[in-house]
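Enquirer: Next comes entry-v9.txt, compact mmCIF, C-alpha atoms and all ligand atoms:
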# COMPACT_ATOMS: atom_id res chain seq x y z
CA MET A 1 4.06 0.89 -28.31
CA GLU A 2 0.61 0.87 -26.78
CA ASN A 3 0.00 2.17 -23.29
CA VAL A 4 -2.56 0.07 -21.46
CA VAL A 5 -2.80 2.63 -18.66
CA GLU A 6 -2.39 6.32 -19.27
CA LEU A 7 -2.72 9.01 -16.61
CA LYS A 8 -2.41 12.59 -17.86
CA GLY A 9 -2.07 15.52 -15.48
CA VAL A 10 -3.88 13.62 -12.74
CA ALA A 11 -4.18 15.21 -9.31
CA LYS A 12 -5.97 14.23 -6.11
CA ASN A 13 -6.04 16.34 -2.99
CA PHE A 14 -6.60 15.04 0.50
CA LYS A 15 -6.17 17.07 3.65
CA GLY A 16 -2.42 16.98 4.24
CA PHE A 17 -1.55 14.96 1.13
CA SER A 18 -1.88 15.26 -2.60
CA VAL A 19 -0.98 13.40 -5.76
CA ASN A 20 0.23 16.06 -8.18
CA ASN A 21 0.37 16.28 -11.95
CA MET A 22 0.72 12.53 -12.39
CA ASN A 23 1.68 11.47 -15.91
CA LEU A 24 1.98 7.70 -15.87
CA GLN A 25 2.13 5.24 -18.72
CA VAL A 26 2.03 1.47 -18.34
CA LYS A 27 3.24 -0.31 -21.45
CA GLN A 28 1.41 -3.28 -22.89
CA GLY A 29 3.16 -6.65 -22.65
CA PHE A 30 5.46 -5.70 -19.77
CA VAL A 31 5.68 -5.91 -15.99
CA THR A 32 5.86 -2.51 -14.31
CA GLY A 33 6.74 -2.32 -10.63
CA PHE A 34 5.37 0.64 -8.68
CA ILE A 35 7.61 1.67 -5.80
CA GLY A 36 7.65 4.41 -3.19
CA ALA A 37 7.85 4.85 0.58
CA ASN A 38 4.89 4.39 2.94
CA GLY A 39 2.35 7.07 2.24
CA ALA A 40 3.93 8.12 -1.10
CA GLY A 41 0.59 7.70 -2.91
CA LYS A 42 0.80 4.23 -4.48
CA SER A 43 -2.60 2.98 -3.30
CA THR A 44 -4.20 6.34 -4.12
CA THR A 45 -2.84 6.10 -7.68
CA ILE A 46 -3.95 2.46 -8.04
CA LYS A 47 -7.45 3.38 -6.80
CA MET A 48 -7.63 6.08 -9.49
CA ILE A 49 -6.51 3.54 -12.12
CA MET A 50 -9.30 1.22 -10.86
CA ASN A 51 -11.88 4.04 -10.77
CA LEU A 52 -12.38 3.47 -7.04
CA LEU A 53 -11.34 7.07 -6.57
CA LYS A 54 -11.99 9.97 -8.95
CA PRO A 55 -9.15 12.38 -9.71
CA ASP A 56 -9.84 16.05 -8.98
CA VAL A 57 -8.31 16.91 -12.36
CA GLY A 58 -6.67 15.05 -15.22
CA GLU A 59 -7.44 12.11 -17.46
CA VAL A 60 -7.37 8.37 -16.80
CA LYS A 61 -7.46 6.08 -19.83
CA ILE A 62 -7.36 2.29 -19.65
CA PHE A 63 -6.94 0.39 -22.94
CA GLY A 64 -7.45 3.84 -24.48
CA LEU A 65 -10.96 3.96 -22.99
CA ASP A 66 -12.64 6.25 -20.52
CA TYR A 67 -14.39 5.05 -17.35
CA ALA A 68 -17.22 7.51 -17.92
CA THR A 69 -18.36 5.64 -21.03
CA HIS A 70 -16.71 2.19 -20.85
CA GLU A 71 -16.53 1.16 -17.18
CA LYS A 72 -17.88 -2.37 -17.69
CA ALA A 73 -15.73 -3.06 -20.77
CA ILE A 74 -12.60 -1.89 -18.93
CA LYS A 75 -13.27 -3.85 -15.71
CA GLU A 76 -13.95 -6.98 -17.75
CA ARG A 77 -10.35 -6.89 -18.92
CA ILE A 78 -8.69 -6.20 -15.53
CA GLY A 79 -7.75 -8.61 -12.76
CA PHE A 80 -7.35 -6.69 -9.50
CA VAL A 81 -5.57 -7.96 -6.41
CA TYR A 82 -5.03 -5.96 -3.27
CA ASP A 83 -3.92 -6.39 0.28
CA GLY A 84 -7.01 -6.87 2.42
CA ASN A 85 -10.06 -9.04 2.32
CA VAL A 86 -11.95 -8.28 -0.85
CA PHE A 87 -14.76 -10.67 -0.15
CA PHE A 88 -17.60 -10.86 2.31
CA GLU A 89 -15.99 -12.67 5.18
CA GLY A 90 -18.66 -15.26 5.85
CA LEU A 91 -18.48 -16.61 2.28
CA ASN A 92 -16.36 -19.48 1.04
CA LEU A 93 -14.63 -19.75 -2.33
CA LYS A 94 -17.50 -21.70 -3.89
CA ASP A 95 -19.87 -18.85 -2.98
CA ILE A 96 -17.40 -16.34 -4.36
CA LYS A 97 -17.19 -18.21 -7.65
CA ARG A 98 -20.99 -18.30 -7.87
CA ILE A 99 -21.24 -14.56 -7.26
CA VAL A 100 -18.19 -13.22 -9.09
CA GLY A 101 -18.09 -15.67 -12.04
CA PRO A 102 -21.25 -14.49 -13.84
CA ALA A 103 -20.00 -10.90 -13.70
CA TYR A 104 -17.31 -11.74 -16.25
CA LYS A 105 -17.93 -12.84 -19.84
CA LYS A 106 -14.66 -14.73 -19.94
CA TRP A 107 -14.93 -16.38 -16.51
CA ASP A 108 -13.28 -19.82 -16.67
CA ASP A 109 -14.44 -22.34 -14.03
CA ALA A 110 -11.73 -24.87 -14.92
CA LEU A 111 -9.01 -22.24 -14.57
CA PHE A 112 -10.44 -21.13 -11.22
CA TYR A 113 -10.36 -24.69 -9.86
CA GLN A 114 -6.85 -25.11 -11.23
CA TYR A 115 -5.61 -22.09 -9.22
CA VAL A 116 -7.56 -23.16 -6.12
CA GLU A 117 -5.76 -26.51 -6.29
CA GLN A 118 -2.39 -24.98 -7.11
CA PHE A 119 -2.67 -22.54 -4.18
CA LYS A 120 -3.98 -25.34 -1.92
CA LEU A 121 -7.06 -23.35 -0.91
CA PRO A 122 -10.11 -24.96 0.74
CA LEU A 123 -13.30 -24.41 -1.26
CA ASN A 124 -15.79 -24.86 1.56
CA LYS A 125 -14.18 -22.94 4.42
CA ALA A 126 -15.26 -19.38 5.21
CA ILE A 127 -12.76 -16.84 3.92
CA LYS A 128 -12.68 -15.25 7.37
CA THR A 129 -10.83 -18.33 8.64
CA PHE A 130 -8.08 -17.89 5.99
CA SER A 131 -4.63 -16.63 6.94
CA LYS A 132 -3.46 -13.35 5.34
CA GLY A 133 -1.44 -15.26 2.77
CA MET A 134 -4.40 -17.52 1.94
CA GLN A 135 -6.64 -14.48 1.49
CA MET A 136 -4.13 -13.00 -0.92
CA LYS A 137 -4.02 -16.29 -2.82
CA ALA A 138 -7.84 -16.39 -2.96
CA SER A 139 -7.93 -12.85 -4.29
CA LEU A 140 -5.31 -13.82 -6.87
CA ALA A 141 -7.19 -16.99 -7.94
CA VAL A 142 -10.32 -14.93 -8.61
CA ALA A 143 -8.39 -12.19 -10.42
CA LEU A 144 -6.68 -14.69 -12.72
CA SER A 145 -9.77 -16.72 -13.61
CA HIS A 146 -11.34 -14.44 -16.19
CA HIS A 147 -8.41 -14.19 -18.63
CA ALA A 148 -7.63 -10.60 -17.70
CA GLU A 149 -5.31 -8.73 -20.05
CA LEU A 150 -4.21 -6.29 -17.36
CA ILE A 151 -3.37 -7.45 -13.85
CA ILE A 152 -3.18 -4.73 -11.22
CA MET A 153 -1.97 -5.60 -7.77
CA ASP A 154 -1.51 -3.48 -4.68
CA GLU A 155 1.27 -5.07 -2.65
CA PRO A 156 0.46 -8.66 -3.62
CA THR A 157 3.51 -10.12 -1.90
CA ALA A 158 2.86 -8.44 1.47
CA GLY A 159 2.18 -11.09 4.09
CA LEU A 160 3.30 -13.98 1.90
CA ASP A 161 5.99 -16.41 3.01
CA PRO A 162 9.23 -16.37 0.97
CA ILE A 163 8.43 -19.65 -0.79
CA PHE A 164 4.97 -18.64 -1.98
CA ARG A 165 6.34 -15.20 -2.88
CA ARG A 166 8.80 -16.87 -5.20
CA GLU A 167 6.13 -19.17 -6.60
CA LEU A 168 3.93 -16.15 -7.22
CA LEU A 169 6.71 -14.41 -9.12
CA ASP A 170 7.23 -17.57 -11.22
CA LEU A 171 3.49 -17.69 -11.89
CA LEU A 172 3.46 -14.04 -12.96
CA GLN A 173 6.39 -14.71 -15.26
CA GLU A 174 4.49 -17.63 -16.79
CA LEU A 175 1.43 -15.41 -17.28
CA MET A 176 3.59 -12.98 -19.23
CA LEU A 177 4.74 -15.59 -21.73
CA ASP A 178 1.85 -15.10 -24.17
CA GLY A 179 3.12 -11.55 -24.78
CA SER A 180 -0.19 -9.71 -24.66
CA ARG A 181 -0.62 -9.46 -20.90
CA THR A 182 0.39 -6.49 -18.78
CA ILE A 183 1.12 -6.43 -15.06
CA PHE A 184 1.29 -3.35 -12.86
CA PHE A 185 1.93 -3.86 -9.17
CA SER A 186 3.11 -1.96 -6.13
CA THR A 187 5.55 -3.45 -3.70
CA HIS A 188 7.98 -2.66 -0.92
CA ILE A 189 10.03 -5.74 -1.71
CA THR A 190 12.31 -4.28 -4.33
CA THR A 191 14.23 -7.54 -4.79
CA ASP A 192 11.01 -9.01 -6.28
CA LEU A 193 11.32 -6.40 -9.00
CA ASP A 194 14.87 -7.40 -9.89
CA ARG A 195 13.40 -10.80 -10.72
CA ILE A 196 10.44 -9.86 -12.89
CA ALA A 197 10.00 -6.14 -13.60
CA ASP A 198 10.72 -4.62 -17.02
CA TYR A 199 9.83 -1.09 -15.94
CA ILE A 200 9.92 0.76 -12.64
CA ALA A 201 7.60 3.63 -11.74
CA PHE A 202 8.84 5.49 -8.68
CA ILE A 203 6.55 7.81 -6.69
CA GLN A 204 7.65 10.12 -3.91
CA ASN A 205 5.43 12.48 -1.89
CA GLY A 206 2.64 12.16 -4.45
CA GLU A 207 4.88 12.91 -7.43
CA LEU A 208 6.10 10.50 -10.04
CA VAL A 209 9.90 10.73 -9.99
CA PHE A 210 10.43 8.46 -13.00
CA THR A 211 9.12 5.59 -15.09
CA GLN A 212 12.11 3.85 -16.62
CA SER A 213 13.09 0.43 -17.85
CA ILE A 214 15.26 -1.57 -15.46
CA HIS A 215 18.14 -0.99 -17.91
CA GLU A 216 17.61 2.77 -17.99
CA VAL A 217 17.60 2.84 -14.18
CA ALA A 218 20.91 0.94 -14.12
CA GLU A 219 22.40 3.32 -16.70
CA THR A 220 21.17 6.46 -14.96
CA TYR A 221 21.85 5.83 -11.28
CA ALA A 222 25.00 4.66 -9.49
CA LEU A 223 26.51 4.61 -6.04
CA VAL A 224 29.77 6.51 -5.70
CA LYS A 225 32.27 6.05 -2.89
CA GLY A 226 35.34 8.16 -2.20
CA GLY A 227 37.35 10.21 0.27
CA MET A 228 35.81 13.24 1.96
CA ASP A 229 38.63 15.43 0.60
CA LEU A 230 37.08 15.09 -2.90
CA LEU A 231 33.90 16.88 -1.89
CA ASP A 232 33.27 20.57 -2.23
CA ARG A 233 30.36 22.79 -3.23
CA ASP A 234 31.03 22.21 -6.94
CA THR A 235 31.84 18.50 -7.03
CA GLU A 236 28.80 17.70 -4.88
CA LYS A 237 26.59 18.92 -7.71
CA ALA A 238 27.19 15.56 -9.46
CA PHE A 239 25.18 13.85 -6.72
CA VAL A 240 21.51 13.48 -5.85
CA HIS A 241 22.44 13.02 -2.22
CA VAL A 242 25.66 12.55 -0.28
CA HIS A 243 26.06 10.53 2.87
CA PRO A 244 29.25 11.69 4.57
CA ALA A 245 31.11 9.46 7.04
CA PRO A 246 34.51 9.77 8.77
CA THR A 247 35.92 7.02 6.55
CA GLY A 248 34.65 8.55 3.30
CA PHE A 249 31.43 9.48 1.53
CA GLU A 250 28.84 7.36 -0.21
CA ALA A 251 26.58 9.15 -2.67
CA LEU A 252 23.91 8.55 -5.28
CA THR A 253 24.40 10.06 -8.71
CA ASP A 254 21.99 10.35 -11.62
CA ASN A 255 24.80 11.53 -13.86
CA ILE A 256 27.47 8.84 -14.12
CA LYS A 257 29.20 10.67 -16.98
CA ALA A 258 29.70 13.80 -14.87
CA VAL A 259 31.08 11.71 -12.02
CA ASN A 260 33.60 10.12 -14.39
CA THR A 261 34.65 13.52 -15.72
CA ILE A 262 34.96 15.16 -12.30
CA PHE A 263 36.48 12.35 -10.25
CA GLY A 264 38.05 9.94 -12.75
CA ASP A 265 39.66 6.97 -10.99
CA SER A 266 39.65 8.58 -7.55
CA VAL A 267 36.18 7.22 -6.72
CA VAL A 268 34.57 3.77 -6.84
CA ILE A 269 31.35 3.55 -8.89
CA GLU A 270 28.93 0.71 -8.13
CA ARG A 271 25.50 -0.32 -9.32
CA ALA A 272 22.76 1.22 -7.15
CA SER A 273 19.96 -1.09 -6.04
CA LEU A 274 16.34 0.14 -6.17
CA GLU A 275 16.39 0.24 -2.38
CA GLU A 276 19.47 2.47 -2.40
CA ILE A 277 17.95 4.75 -5.03
CA MET A 278 14.78 5.11 -2.92
CA TYR A 279 16.79 5.73 0.24
CA TYR A 280 19.03 8.43 -1.24
CA MET A 281 16.22 10.11 -3.20
CA LYS A 282 14.39 10.57 0.08
CA GLY A 283 17.19 12.75 1.37
CA ARG A 284 17.84 14.57 -1.88
CA LYS A 285 16.18 17.88 -1.01
CA SER A 286 19.12 19.07 1.06
CA TYR A 287 21.46 18.87 -1.96
CA VAL A 288 19.44 20.07 -4.94
N1 LIG B 301 -9.53 8.83 1.61
C1 LIG B 301 -8.51 9.51 2.11
N2 LIG B 301 -8.70 10.65 2.81
C2 LIG B 301 -7.67 11.36 3.29
N3 LIG B 301 -6.36 11.00 3.15
C3 LIG B 301 -6.10 9.88 2.48
C4 LIG B 301 -7.16 9.06 1.92
N4 LIG B 301 -6.58 8.01 1.29
C5 LIG B 301 -5.25 8.15 1.46
N5 LIG B 301 -4.94 9.27 2.17
C6 LIG B 301 -3.60 9.75 2.51
O1 LIG B 301 -2.84 9.79 1.34
C7 LIG B 301 -1.48 9.46 1.62
C8 LIG B 301 -1.01 8.41 0.65
O2 LIG B 301 -1.64 7.17 0.95
P1 LIG B 301 -1.47 5.89 0.05
O3 LIG B 301 -2.26 4.81 0.69
O4 LIG B 301 -1.79 6.22 -1.35
O5 LIG B 301 0.11 5.60 0.16
P2 LIG B 301 0.93 4.31 -0.23
O6 LIG B 301 2.08 4.78 -1.07
O7 LIG B 301 0.05 3.27 -0.84
O8 LIG B 301 1.46 3.84 1.20
P3 LIG B 301 1.79 2.37 1.82
O9 LIG B 301 3.04 1.92 1.12
O10 LIG B 301 2.03 2.69 3.24
O11 LIG B 301 0.59 1.51 1.57
C9 LIG B 301 -1.41 9.06 3.08
O12 LIG B 301 -0.91 10.14 3.82
C10 LIG B 301 -2.87 8.79 3.42
O13 LIG B 301 -3.13 9.10 4.78
Could you write out this file's structure as structure tokens?
Ligand SMILES: Nc1ncnc2c1ncn2[C@@H]1O[C@H](COP(=O)(O)OP(=O)(O)OP(=O)(O)O)[C@@H](O)[C@H]1O
Expert:
Amino acid sequence: MENVVELKGVAKNFKGFSVNNMNLQVKQGFVTGFIGANGAGKSTTIKMIMNLLKPDVGEVKIFGLDYATHEKAIKERIGFVYDGNVFFEGLNLKDIKRIVGPAYKKWDDALFYQYVEQFKLPLNKAIKTFSKGMQMKASLAVALSHHAELIIMDEPTAGLDPIFRRELLDLLQELMLDGSRTIFFSTHITTDLDRIADYIAFIQNGELVFTQSIHEVAETYALVKGGMDLLDRDTEKAFVHVHPAPTGFEALTDNIKAVNTIFGDSVVIERASLEEIMYYMKGRKSYV
């Protein structure tokens, strides 16, 4: 299976924060959701994938190519959407089309107008008068209008109303139908991922915790509930983190088999949501 994005041993150091030894693969033909708490390093990683930021060490390959020798060829094949106004504020969408269009060999005017109409965007109004959601839609319309094979989005659903968010997810699903496209996007709205993601990449404090398929995540992690009397120094080892309460404990495990062996029927095992996994992983240091 081909990896469209491949980061090998990538590190970036800022004062007070670093991305460490990042080994990330994004598989062709799938949607990968990139999750992690505020400040975990998602945008920093995406900037390195987009060559907006150079890693201190390590290798970044996109479509198997290097930015040092193939920057233009790589960018031609990527549609990039991020939270924030990408365009000069005084310009309108017609101006943007005139400026951005010629930069891409595969720019498609008809497709651009189709998205502008679908997203109900005004062509002649300055972008600075757009709402946050409209700006995101404008950024998306431009990113989708040059037949990009890889779509990278930094929090595309932030600031969007629930209806457009859902429409956007439907649109992304439609874009995936031809089988050759790849989408990689960061989000805080983990329920969006339940709808469309095939793979989840989870970053915490600048380190990639895992990249797994949605099915692998469901098979690896589970929530366990039981009485406090079941917990001791040994049995707790089956858990990533335990949340004790007077009425009983709730814990995250990454070893469902061990939980079954140790506790049998005396505990309740439930599916852990991505949000629960993120929440419990945050507290894991005190137990491992
Ligand atoms: N150019 C920079 N110089 C110094 N520190 C930086 C720079 N860019 C990012 N950082 C720091 O790196 C850390 C990670 O930031 P980043 O934007 O990658 O996180 P994030 O996971 O995208 O967060 P959020 O979900 O809040 O957008 C933060 O502590 C941030 O302050």
Enquirer: Please identify every polymer residue within 8 Å of ligand LIG 301 (chain B), using only C-alpha atoms and all ligand atoms, and present the set as a list in words.
Expert: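 For ligand LIG 301 (chain B), the residues inside 8 Å are Phe14, Lys15, Gly16, Phe17, Ser18, Ile35, Gly36, Ala37, Asn38, Gly39, Ala40, Gly41, Lys42, Ser43, Thr44, Thr45, Ile46, Asp154, Glu155, Thr187, His188, Ile203 and Gly206 of chain A.
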Enquirer: Identify which of the residues A:Gln204, A:Thr190, A:Thr235, A:Asn260 lies closest to A:Asn20, counting all atoms listed in the file when measuring atom-to-atom distances.
Expert: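 Among the listed residues, the smallest separation from A:Asn20 belongs to A:Gln204.
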Enquirer: Which value, in Å to one decimal, gives the distance between atom CA of A:Gly101 and atom CA of A:Val142?
Expert: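 Interatomic distance, atom CA of A:Gly101 to atom CA of A:Val142: 8.5 Å.
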Enquirer: Looking at A:Leu231, A:Val81, A:Met48, A:Leu121, which one is nearest to A:Met153, with distances taken over all atoms listed in the file?
Expert: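 Of the candidates, the smallest distance to A:Met153 is held by A:Val81.
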Enquirer: Just to confirm, what's the straight-line distance from atom CA of A:Ala126 to atom CA of A:Gly90 in Å (one decimal)?
Expert: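 If I compute the distance from atom CA of A:Ala126 to atom CA of A:Gly90, I get 5.4 Å.
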Enquirer: Please measure the separation of atom CA of A:Tyr279 and atom CA of A:Met136, giving the value in Å to one decimal.
Expert: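 Pair atom CA of A:Tyr279 / atom CA of A:Met136 returns 28.1 Å.
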Enquirer: Under the rule that all atoms listed in the file are counted, which of A:Met228, A:Ala272, A:Ala148, A:Ala141 is the nearest residue to A:Leu168?
Expert: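 Checking each candidate against A:Leu168, we get A:Ala141 as the closest.
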Enquirer: Report as a list of chain:residue names all protein, DNA and RNA residues lying within 6 Å of A:Gln25, evaluated on all atoms listed in the file, omitting residues in the same chain fewer than 4 positions from it.
Expert: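 The residues satisfying every condition are A:Asn3, A:Val5, A:Glu6.
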Enquirer: So, with only C-alpha atoms as the atoms that count, which of A:Asn92, A:Leu274, A:Leu7, A:Arg233 lies closest to A:Leu65?
Expert: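 Among the listed residues, the smallest separation from A:Leu65 belongs to A:Leu7.
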Enquirer: List every protein, DNA or RNA residue that has at least one atom no more than 9 Å from (11.9, -1.9, -19.9) in the file's coordinates, counting all atoms listed in the file, and write the result as a list in words.
Expert: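 Residues found, by chain and rising number: Lys27, Phe30, Val31, Thr32, Ala197, Asp198, Tyr199, Ile200, Gln212, Ser213, Ile214, His215 and Glu216 of chain A.
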Enquirer: Create the file for the chosen residues now, containing C-alpha atoms and written as a short mmCIF file (atom, residue, chain, number, x, y, z; two decimals), in the coordinates of the input.
Expert:
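Produced file part26.cif, reproduced below:
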data_model
loop_
_atom_site.label_atom_id
_atom_site.label_comp_id
_atom_site.auth_asym_id
_atom_site.auth_seq_id
_atom_site.Cartn_x
_atom_site.Cartn_y
_atom_site.Cartn_z
CA LYS A 27 3.24 -0.31 -21.45
CA PHE A 30 5.46 -5.70 -19.77
CA VAL A 31 5.68 -5.91 -15.99
CA THR A 32 5.86 -2.51 -14.31
CA ALA A 197 10.00 -6.14 -13.60
CA ASP A 198 10.72 -4.62 -17.02
CA TYR A 199 9.83 -1.09 -15.94
CA ILE A 200 9.92 0.76 -12.64
CA GLN A 212 12.11 3.85 -16.62
CA SER A 213 13.09 0.43 -17.85
CA ILE A 214 15.26 -1.57 -15.46
CA HIS A 215 18.14 -0.99 -17.91
CA GLU A 216 17.61 2.77 -17.99
#
Enquirer: Identify the residues around (4.1, 14.1, -13.1) within a radius of 10 Å, measuring from only C-alpha atoms in the coordinates stated by the file, and give them as a list in words.
Expert: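 With a cut-off of 10 Å, the residues come to Leu7, Lys8, Gly9, Val10, Ala11, Val19, Asn20, Asn21, Met22, Asn23, Leu24, Ile203, Gly206, Glu207, Leu208, Val209 and Phe210 of chain A.
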Enquirer: My list of candidates is A:Ala238, A:Leu177, A:Leu160, A:Ala73. Which is closest to A:Phe263 when distances are computed with only C-alpha atoms?
Expert: A:Ala238
Enquirer: Can you pull out the residues contacting stretch 268-271 of chain A? Cut-off 9 Å, using only C-alpha atoms, and skip same-chain residues under 5 positions away; I want them as JSON, numbers by chain.
Expert: {"A": [218, 219, 221, 222, 223, 224, 225, 226, 256, 259, 260]}
Enquirer: From the list A:Lys132, A:His146, A:Lys94, A:Lys120, which residue is nearest A:Asp108 when using all atoms listed in the file?
Expert: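 Nearest to A:Asp108: A:His146.
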Enquirer: As an MDAnalysis selection string, please: the residues near A:Leu91 (cut-off 8 Å, all atoms listed in the file, same-chain neighbours under 5 positions excluded).
Expert: chainID A and resid 96 125:128
